[in-house]
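Okay, input-v8.cif now, which holds mmCIF, C-alpha atoms:
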```cif
data_input
#
loop_
_atom_site.group_PDB
_atom_site.id
_atom_site.type_symbol
_atom_site.label_atom_id
_atom_site.label_comp_id
_atom_site.auth_asym_id
_atom_site.auth_seq_id
_atom_site.Cartn_x
_atom_site.Cartn_y
_atom_site.Cartn_z
ATOM 1 C CA ASP A 1 -9.124 -14.526 -5.688
ATOM 2 C CA GLU A 2 -9.649 -17.916 -7.340
ATOM 3 C CA GLU A 3 -7.040 -19.641 -5.176
ATOM 4 C CA CYS A 4 -8.418 -17.945 -2.026
ATOM 5 C CA ASN A 5 -11.926 -19.259 -2.676
ATOM 6 C CA VAL A 6 -10.759 -22.882 -2.986
ATOM 7 C CA THR A 7 -10.720 -24.571 0.428
ATOM 8 C CA SER A 8 -7.480 -26.403 -0.334
ATOM 9 C CA GLY A 9 -5.858 -23.314 -1.886
ATOM 10 C CA SER A 10 -2.190 -22.797 -1.079
ATOM 11 C CA ALA A 11 0.585 -20.366 -1.892
ATOM 12 C CA GLU A 12 2.468 -23.076 -3.795
ATOM 13 C CA ALA A 13 -0.586 -23.896 -5.939
ATOM 14 C CA TRP A 14 -1.042 -20.189 -6.652
ATOM 15 C CA CYS A 15 2.608 -19.919 -7.690
ATOM 16 C CA ARG A 16 2.236 -22.979 -9.973
ATOM 17 C CA LYS A 17 -0.821 -21.367 -11.614
ATOM 18 C CA LEU A 18 1.186 -18.184 -12.178
ATOM 19 C CA ALA A 19 4.008 -20.221 -13.715
ATOM 20 C CA SER A 20 1.652 -22.112 -16.029
ATOM 21 C CA LYS A 21 -0.147 -18.945 -17.148
ATOM 22 C CA TYR A 22 2.808 -16.551 -17.441
ATOM 23 C CA GLY A 23 5.785 -18.930 -17.712
ATOM 24 C CA ALA A 24 6.416 -18.043 -21.357
ATOM 25 C CA HIS A 25 6.144 -14.279 -20.804
ATOM 26 C CA PRO A 26 9.525 -12.530 -21.047
ATOM 27 C CA ARG A 27 8.856 -10.432 -17.928
ATOM 28 C CA PHE A 28 8.035 -13.434 -15.701
ATOM 29 C CA GLN A 29 10.503 -15.976 -14.386
ATOM 30 C CA VAL A 30 10.249 -18.808 -11.838
ATOM 31 C CA VAL A 31 13.081 -19.117 -9.315
ATOM 32 C CA LYS A 32 13.982 -22.790 -9.427
ATOM 33 C CA GLN A 33 16.275 -22.721 -6.365
ATOM 34 C CA ARG A 34 13.490 -21.451 -4.046
ATOM 35 C CA GLN A 35 10.079 -23.083 -4.357
ATOM 36 C CA GLY A 36 7.237 -20.567 -4.361
ATOM 37 C CA SER A 37 9.409 -17.696 -5.595
ATOM 38 C CA PHE A 38 9.194 -15.829 -8.892
ATOM 39 C CA ILE A 39 10.725 -12.765 -10.528
ATOM 40 C CA ILE A 40 8.909 -10.012 -12.378
ATOM 41 C CA GLN A 41 10.989 -7.835 -14.663
ATOM 42 C CA HIS A 42 9.778 -4.290 -13.912
ATOM 43 C CA PHE A 43 10.898 -1.209 -15.807
ATOM 44 C CA ALA A 44 13.425 -0.358 -13.094
ATOM 45 C CA GLY A 45 14.763 -3.905 -12.891
ATOM 46 C CA PRO A 46 13.935 -7.438 -11.703
ATOM 47 C CA VAL A 47 12.066 -7.928 -8.408
ATOM 48 C CA GLU A 48 11.858 -11.297 -6.676
ATOM 49 C CA TYR A 49 8.616 -12.216 -4.903
ATOM 50 C CA THR A 50 7.806 -15.141 -2.656
ATOM 51 C CA SER A 51 4.287 -16.569 -2.711
ATOM 52 C CA GLU A 52 4.318 -17.242 1.031
ATOM 53 C CA GLY A 53 1.670 -15.078 2.663
ATOM 54 C CA PHE A 54 0.054 -13.778 -0.558
ATOM 55 C CA LEU A 55 -3.208 -15.660 0.007
ATOM 56 C CA ALA A 56 -3.463 -14.662 3.661
ATOM 57 C CA LYS A 57 -2.901 -11.025 2.735
ATOM 58 C CA ASN A 58 -5.495 -11.252 -0.029
ATOM 59 C CA LYS A 59 -8.081 -12.675 2.400
ATOM 60 C CA ASP A 60 -7.433 -9.787 4.798
ATOM 61 C CA GLU A 61 -11.024 -8.641 5.191
ATOM 62 C CA LEU A 62 -12.803 -6.381 7.602
ATOM 63 C CA SER A 63 -15.999 -8.040 8.782
ATOM 64 C CA PRO A 64 -19.220 -6.698 7.228
ATOM 65 C CA ASP A 65 -20.533 -5.783 10.685
ATOM 66 C CA ALA A 66 -17.441 -3.680 11.411
ATOM 67 C CA GLN A 67 -17.778 -2.068 7.964
ATOM 68 C CA GLU A 68 -21.412 -1.254 8.672
ATOM 69 C CA CYS A 69 -20.513 0.168 12.093
ATOM 70 C CA MET A 70 -17.813 2.406 10.596
ATOM 71 C CA CYS A 71 -20.111 3.573 7.794
ATOM 72 C CA SER A 72 -22.712 4.705 10.339
ATOM 73 C CA SER A 73 -20.193 6.510 12.571
ATOM 74 C CA THR A 74 -21.095 9.934 13.931
ATOM 75 C CA ARG A 75 -17.713 11.190 12.743
ATOM 76 C CA ALA A 76 -17.720 12.364 9.113
ATOM 77 C CA PHE A 77 -14.015 11.544 8.739
ATOM 78 C CA VAL A 78 -14.586 7.886 9.688
ATOM 79 C CA ARG A 79 -17.668 7.614 7.434
ATOM 80 C CA GLN A 80 -15.709 8.994 4.463
ATOM 81 C CA ARG A 81 -12.856 6.512 4.979
ATOM 82 C CA PHE A 82 -15.320 3.634 4.862
ATOM 83 C CA ALA A 83 -17.581 4.931 2.095
ATOM 84 C CA GLU A 84 -17.716 2.071 -0.380
ATOM 85 C CA HIS A 85 -19.248 3.666 -3.460
ATOM 86 C CA GLY A 86 -22.564 1.847 -3.374
ATOM 87 C CA ARG A 87 -21.258 -1.577 -2.422
ATOM 88 C CA ILE A 88 -23.379 -3.751 -0.167
ATOM 89 C CA PHE A 89 -21.895 -5.568 2.806
ATOM 90 C CA GLY A 90 -23.316 -8.221 5.113
ATOM 91 C CA VAL A 91 -26.636 -10.037 4.937
ATOM 92 C CA GLN A 92 -29.482 -8.339 3.057
ATOM 93 C CA THR A 93 -33.202 -9.013 2.949
ATOM 94 C CA ALA A 94 -34.902 -8.527 -0.413
ATOM 95 C CA ALA A 95 -37.810 -6.075 -0.194
ATOM 96 C CA GLY A 96 -40.949 -7.929 -1.478
ATOM 97 C CA THR A 97 -39.868 -11.542 -1.136
ATOM 98 C CA GLY A 98 -38.136 -11.352 2.238
ATOM 99 C CA ARG A 99 -35.402 -13.583 0.811
ATOM 100 C CA VAL A 100 -32.075 -13.352 2.645
ATOM 101 C CA THR A 101 -28.982 -12.924 0.474
ATOM 102 C CA ARG A 102 -25.299 -12.519 1.231
ATOM 103 C CA ALA A 103 -23.293 -9.664 -0.177
ATOM 104 C CA LYS A 104 -20.137 -10.231 -2.210
ATOM 105 C CA ALA A 105 -16.928 -10.578 -0.208
ATOM 106 C CA TYR A 106 -14.286 -8.092 -1.293
ATOM 107 C CA SER A 107 -10.649 -9.158 -1.165
ATOM 108 C CA VAL A 108 -7.486 -7.086 -1.321
ATOM 109 C CA SER A 109 -6.832 -8.154 -4.929
ATOM 110 C CA SER A 110 -10.384 -7.356 -6.068
ATOM 111 C CA GLU A 111 -10.071 -4.010 -4.280
ATOM 112 C CA PHE A 112 -6.733 -3.363 -6.010
ATOM 113 C CA GLN A 113 -8.177 -4.392 -9.379
ATOM 114 C CA GLN A 114 -11.068 -1.953 -8.988
ATOM 115 C CA GLN A 115 -8.790 0.887 -7.871
ATOM 116 C CA LEU A 116 -6.396 0.219 -10.757
ATOM 117 C CA SER A 117 -9.291 0.205 -13.204
ATOM 118 C CA ASP A 118 -10.551 3.533 -11.800
ATOM 119 C CA LEU A 119 -7.040 4.988 -11.996
ATOM 120 C CA MET A 120 -6.551 3.883 -15.610
ATOM 121 C CA THR A 121 -9.949 5.334 -16.551
ATOM 122 C CA GLY A 122 -8.893 8.630 -14.992
ATOM 123 C CA ILE A 123 -5.491 8.606 -16.701
ATOM 124 C CA ARG A 124 -6.975 7.774 -20.105
ATOM 125 C CA GLY A 125 -9.392 10.691 -19.700
ATOM 126 C CA THR A 126 -6.598 13.219 -19.074
ATOM 127 C CA LYS A 127 -3.319 14.393 -20.521
ATOM 128 C CA PRO A 128 -0.931 13.812 -17.628
ATOM 129 C CA HIS A 129 2.348 15.677 -17.241
ATOM 130 C CA PHE A 130 5.055 14.364 -14.967
ATOM 131 C CA ILE A 131 7.719 16.240 -13.077
ATOM 132 C CA ARG A 132 10.695 14.137 -12.099
ATOM 133 C CA CYS A 133 12.464 15.193 -8.934
ATOM 134 C CA ILE A 134 16.091 14.208 -8.506
ATOM 135 C CA LYS A 135 17.759 14.265 -5.089
ATOM 136 C CA PRO A 136 21.344 15.531 -5.499
ATOM 137 C CA ASN A 137 22.616 13.444 -2.562
ATOM 138 C CA PRO A 138 21.250 10.875 -0.077
ATOM 139 C CA GLN A 139 21.695 13.307 2.848
ATOM 140 C CA ASN A 140 19.665 16.106 1.142
ATOM 141 C CA MET A 141 22.472 18.555 1.947
ATOM 142 C CA PRO A 142 22.879 21.718 -0.163
ATOM 143 C CA GLY A 143 26.012 22.078 -2.261
ATOM 144 C CA LYS A 144 26.755 18.318 -2.397
ATOM 145 C CA PHE A 145 26.366 16.299 -5.594
ATOM 146 C CA HIS A 146 26.530 12.491 -5.416
ATOM 147 C CA ARG A 147 27.052 11.398 -9.023
ATOM 148 C CA ARG A 148 26.216 7.686 -8.536
ATOM 149 C CA ALA A 149 22.925 8.414 -6.685
ATOM 150 C CA VAL A 150 21.811 10.877 -9.374
ATOM 151 C CA ALA A 151 22.677 8.474 -12.207
ATOM 152 C CA GLU A 152 20.743 5.683 -10.465
ATOM 153 C CA GLN A 153 17.656 7.905 -10.076
ATOM 154 C CA LEU A 154 17.821 8.949 -13.730
ATOM 155 C CA ARG A 155 18.108 5.324 -14.817
ATOM 156 C CA TYR A 156 15.225 4.113 -12.590
ATOM 157 C CA GLN A 157 12.948 6.937 -13.726
ATOM 158 C CA GLY A 158 13.573 6.104 -17.367
ATOM 159 C CA VAL A 159 15.209 9.416 -18.195
ATOM 160 C CA LEU A 160 18.396 7.885 -19.613
ATOM 161 C CA GLU A 161 16.373 5.498 -21.790
ATOM 162 C CA ALA A 162 14.173 8.372 -23.013
ATOM 163 C CA ILE A 163 17.271 10.388 -23.926
ATOM 164 C CA ARG A 164 18.754 7.405 -25.792
ATOM 165 C CA VAL A 165 15.515 6.907 -27.723
ATOM 166 C CA SER A 166 15.083 10.591 -28.559
ATOM 167 C CA ARG A 167 18.717 10.832 -29.746
ATOM 168 C CA ALA A 168 18.050 7.906 -32.067
ATOM 169 C CA GLY A 169 15.050 9.793 -33.469
ATOM 170 C CA TYR A 170 12.349 7.351 -32.353
ATOM 171 C CA PRO A 171 9.029 8.669 -30.993
ATOM 172 C CA VAL A 172 8.479 5.705 -28.613
ATOM 173 C CA ARG A 173 10.675 3.615 -26.330
ATOM 174 C CA GLN A 174 9.771 0.096 -27.413
ATOM 175 C CA ARG A 175 10.749 -1.580 -30.618
ATOM 176 C CA HIS A 176 7.843 -2.860 -32.721
ATOM 177 C CA ARG A 177 8.580 -6.503 -32.004
ATOM 178 C CA GLU A 178 8.745 -5.884 -28.204
ATOM 179 C CA ALA A 179 5.457 -3.982 -28.289
ATOM 180 C CA VAL A 180 3.733 -6.773 -30.247
ATOM 181 C CA LEU A 181 5.032 -9.419 -27.860
ATOM 182 C CA ASP A 182 4.095 -7.390 -24.753
ATOM 183 C CA TYR A 183 0.576 -6.525 -25.889
#
```
Go ahead and express the file in the form of structure tokens.
Amino acid sequence: DEECNVTSGSAEAWCRKLASKYGAHPRFQVVKQRQGSFIIQHFAGPVEYTSEGFLAKNKDELSPDAQECMCSSTRAFVRQRFAEHGRIFGVQTAAGTGRVTRAKAYSVSSEFQQQLSDLMTGIRGTKPHFIRCIKPNPQNMPGKFHRRAVAEQLRYQGVLEAIRVSRAGYPVRQRHREAVLDY
């Protein structure tokens, strides 16, 4: 959001800020051969991102007037899709003083941040259980077993790592030093 609010903000400047803030983190890496590219080491493996277009996507806003129009739709389905949990859009007039104020502009990243925060609050308040589904073959045909595809799914879902850790007798996946450095 910070780089979007600066008039001279650019994808390259945003990428440089990422590099200066997270450059020393073991899960972040700058791609030196391609300017504006970086790699994030996810659990399933490294993913390369390019900063081109990030700011434009983050600024992707629906105008407050369109939001207001959708919120006052006669169709309940449309109103529910645009219900914004008490957020105020557009220009407002203060009751008593008559002072005109502008509402906060919501960006994709601020929206994502809020949704992630809500999700984490929900997860922390529950005891989730996960069921991992494994496809036996890419064609989804009965009676066929594609060993490489199954092994890849097990690896990406962390099952093989969990088995390795449980065989070693450890209750968690990360070593102490890795956990301290990550958090």
Q: Calculate how many Å separate atom CA of A:Thr50 from atom CA of A:Gly36, rounding to one decimal.
A: 5.7 Å
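Minimum atom-to-atom distances from A:Gln153, A:Gln35, A:Ser63, A:Ser109 to A:Cys133 were compared using only C-alpha atoms, and the lowest value belongs to A:Gln153.
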Q | Within 7 Å of file point (15.3, 13.8, -17.1), counting all atoms listed in the file, expressed as JSON, numbers by chain | A | {"A": [132, 154, 159]}
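Candidate residues A:Gly169, A:Trp14, A:Val47, A:Phe130 were compared for distance to A:Arg27, and the nearest is A:Val47, using all atoms listed in the file.
Of the listed residues A:Arg79, A:Ile40, A:Leu160, A:Asp118, the one whose atoms come nearest to A:Gly23 is A:Ile40, with distances taken using only C-alpha atoms.
Here atom CA of A:Tyr183 and atom CA of A:Glu52 stand 29.2 Å from one another.
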Do you know which residues lie at most 10 Å from (12.4, -15.8, -13.4), with coordinates as in the file and all atoms listed in the file counted, and could you write them as a short mmCIF file (atom, residue, chain, number, x, y, z; two decimals) with C-alpha atoms, keeping the file's coordinate frame?
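After the write, point.cif holds the following:
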```cif
data_model
loop_
_atom_site.label_atom_id
_atom_site.label_comp_id
_atom_site.auth_asym_id
_atom_site.auth_seq_id
_atom_site.Cartn_x
_atom_site.Cartn_y
_atom_site.Cartn_z
CA ALA A 19 4.01 -20.22 -13.72
CA GLY A 23 5.78 -18.93 -17.71
CA HIS A 25 6.14 -14.28 -20.80
CA PRO A 26 9.52 -12.53 -21.05
CA ARG A 27 8.86 -10.43 -17.93
CA PHE A 28 8.04 -13.43 -15.70
CA GLN A 29 10.50 -15.98 -14.39
CA VAL A 30 10.25 -18.81 -11.84
CA VAL A 31 13.08 -19.12 -9.32
CA LYS A 32 13.98 -22.79 -9.43
CA SER A 37 9.41 -17.70 -5.60
CA PHE A 38 9.19 -15.83 -8.89
CA ILE A 39 10.72 -12.76 -10.53
CA ILE A 40 8.91 -10.01 -12.38
CA GLN A 41 10.99 -7.84 -14.66
CA PRO A 46 13.94 -7.44 -11.70
CA VAL A 47 12.07 -7.93 -8.41
CA GLU A 48 11.86 -11.30 -6.68
CA TYR A 49 8.62 -12.22 -4.90
#
```
Q.
Please compute the atom CA of A:Phe54-atom CA of A:Met70 distance, one decimal, in Å.
A. 26.6 Å
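The shortest atom-to-atom distance to A:Tyr156, with only C-alpha atoms taken into account, belongs to A:Ile134 out of A:Ile134, A:Ala179, A:Ile123, A:Leu18.
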Q: Translate the PyMOL selection byres ((chain A and resi 135) around 12), as applied to the file shown, into an explicit residue set as number ranges by chain.
A: A: 132-134, 136-154
Box time for stretch 14-32 of chain A: axis-aligned, enclosing all its listed atoms, 8 Å extra on each side; report centre and edge lengths in Å to one decimal, as AutoDock Vina command-line options.
```
--center_x 6.5 --center_y -16.7 --center_z -14.0 --size_x 31.0 --size_y 28.5 --size_z 30.7
```
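If you measure from each of A:Gly125, A:Asp182, A:Ser166, A:Ser73 to A:Ala24 using all atoms listed in the file, the closest one turns out to be A:Asp182.
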Please return stretch 24-35 of chain A, rebuilt to all heavy atoms, as a CSV table (one decimal), in the frame of the given file.
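This went into out_27.csv:
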```
chain,number,residue,atom,x,y,z
A,24,ALA,N,5.8,-18.4,-20.1
A,24,ALA,CA,6.4,-18.0,-21.4
A,24,ALA,C,6.6,-16.5,-21.5
A,24,ALA,O,7.2,-16.1,-22.5
A,24,ALA,CB,5.6,-18.6,-22.5
A,25,HIS,N,6.0,-15.7,-20.7
A,25,HIS,CA,6.1,-14.3,-20.8
A,25,HIS,C,7.6,-13.8,-20.5
A,25,HIS,O,8.2,-14.3,-19.5
A,25,HIS,CB,5.1,-13.6,-19.9
A,25,HIS,CG,4.9,-12.2,-20.2
A,25,HIS,ND1,5.8,-11.2,-19.9
A,25,HIS,CD2,3.9,-11.6,-20.9
A,25,HIS,CE1,5.3,-10.0,-20.4
A,25,HIS,NE2,4.2,-10.2,-21.0
A,26,PRO,N,8.1,-12.9,-21.3
A,26,PRO,CA,9.5,-12.5,-21.0
A,26,PRO,C,9.7,-11.7,-19.8
A,26,PRO,O,10.9,-11.6,-19.3
A,26,PRO,CB,9.8,-11.7,-22.3
A,26,PRO,CG,8.5,-11.2,-22.8
A,26,PRO,CD,7.6,-12.3,-22.5
A,27,ARG,N,8.7,-11.2,-19.2
A,27,ARG,CA,8.9,-10.4,-17.9
A,27,ARG,C,8.6,-11.3,-16.7
A,27,ARG,O,8.6,-10.7,-15.6
A,27,ARG,CB,7.9,-9.2,-18.0
A,27,ARG,CG,8.3,-8.3,-19.1
A,27,ARG,CD,7.6,-6.9,-18.9
A,27,ARG,NE,7.7,-6.1,-20.0
A,27,ARG,CZ,8.8,-5.3,-20.3
A,27,ARG,NH1,9.8,-5.4,-19.5
A,27,ARG,NH2,8.8,-4.6,-21.4
A,28,PHE,N,8.3,-12.5,-16.8
A,28,PHE,CA,8.0,-13.4,-15.7
A,28,PHE,C,9.0,-14.6,-15.7
A,28,PHE,O,9.4,-15.1,-16.7
A,28,PHE,CB,6.6,-14.0,-15.8
A,28,PHE,CG,6.2,-14.9,-14.7
A,28,PHE,CD1,5.7,-14.3,-13.5
A,28,PHE,CD2,6.4,-16.3,-14.7
A,28,PHE,CE1,5.4,-15.2,-12.4
A,28,PHE,CE2,6.1,-17.1,-13.7
A,28,PHE,CZ,5.6,-16.5,-12.5
A,29,GLN,N,9.5,-14.9,-14.5
A,29,GLN,CA,10.5,-16.0,-14.4
A,29,GLN,C,10.3,-16.7,-13.1
A,29,GLN,O,10.1,-16.1,-12.0
A,29,GLN,CB,11.9,-15.3,-14.4
A,29,GLN,CG,13.0,-16.2,-14.5
A,29,GLN,CD,14.3,-15.3,-14.5
A,29,GLN,OE1,14.3,-14.2,-14.3
A,29,GLN,NE2,15.4,-16.0,-14.9
A,30,VAL,N,10.4,-18.0,-13.1
A,30,VAL,CA,10.2,-18.8,-11.8
A,30,VAL,C,11.7,-19.0,-11.3
A,30,VAL,O,12.6,-19.3,-12.0
A,30,VAL,CB,9.6,-20.2,-12.1
A,30,VAL,CG1,9.6,-21.0,-10.9
A,30,VAL,CG2,8.2,-20.0,-12.6
A,31,VAL,N,11.8,-18.9,-10.0
A,31,VAL,CA,13.1,-19.1,-9.3
A,31,VAL,C,13.1,-20.6,-8.9
A,31,VAL,O,12.4,-21.0,-8.1
A,31,VAL,CB,13.3,-18.2,-8.0
A,31,VAL,CG1,14.6,-18.5,-7.4
A,31,VAL,CG2,13.1,-16.8,-8.4
A,32,LYS,N,14.0,-21.3,-9.6
A,32,LYS,CA,14.0,-22.8,-9.4
A,32,LYS,C,14.6,-23.2,-8.1
A,32,LYS,O,14.3,-24.2,-7.6
A,32,LYS,CB,14.7,-23.4,-10.6
A,32,LYS,CG,13.9,-23.3,-11.9
A,32,LYS,CD,14.5,-24.0,-13.1
A,32,LYS,CE,13.5,-24.0,-14.2
A,32,LYS,NZ,13.8,-23.2,-15.3
A,33,GLN,N,15.6,-22.4,-7.6
A,33,GLN,CA,16.3,-22.7,-6.4
A,33,GLN,C,15.4,-22.6,-5.1
A,33,GLN,O,15.6,-23.2,-4.1
A,33,GLN,CB,17.5,-21.8,-6.2
A,33,GLN,CG,18.6,-22.0,-7.2
A,33,GLN,CD,18.3,-21.1,-8.4
A,33,GLN,OE1,17.4,-20.4,-8.5
A,33,GLN,NE2,19.2,-21.3,-9.4
A,34,ARG,N,14.4,-21.7,-5.2
A,34,ARG,CA,13.5,-21.5,-4.0
A,34,ARG,C,12.0,-21.7,-4.5
A,34,ARG,O,11.5,-20.9,-5.2
A,34,ARG,CB,13.7,-20.0,-3.5
A,34,ARG,CG,15.0,-19.8,-2.8
A,34,ARG,CD,15.2,-18.4,-2.4
A,34,ARG,NE,15.3,-17.4,-3.4
A,34,ARG,CZ,16.4,-17.3,-4.2
A,34,ARG,NH1,17.4,-18.1,-4.1
A,34,ARG,NH2,16.4,-16.4,-5.1
A,35,GLN,N,11.5,-22.8,-4.0
A,35,GLN,CA,10.1,-23.1,-4.4
A,35,GLN,C,9.1,-22.0,-3.9
A,35,GLN,O,9.2,-21.5,-2.8
A,35,GLN,CB,9.7,-24.4,-3.7
A,35,GLN,CG,8.3,-24.9,-4.2
A,35,GLN,CD,8.0,-26.3,-3.7
A,35,GLN,OE1,8.7,-26.8,-2.8
A,35,GLN,NE2,6.9,-26.9,-4.1
```
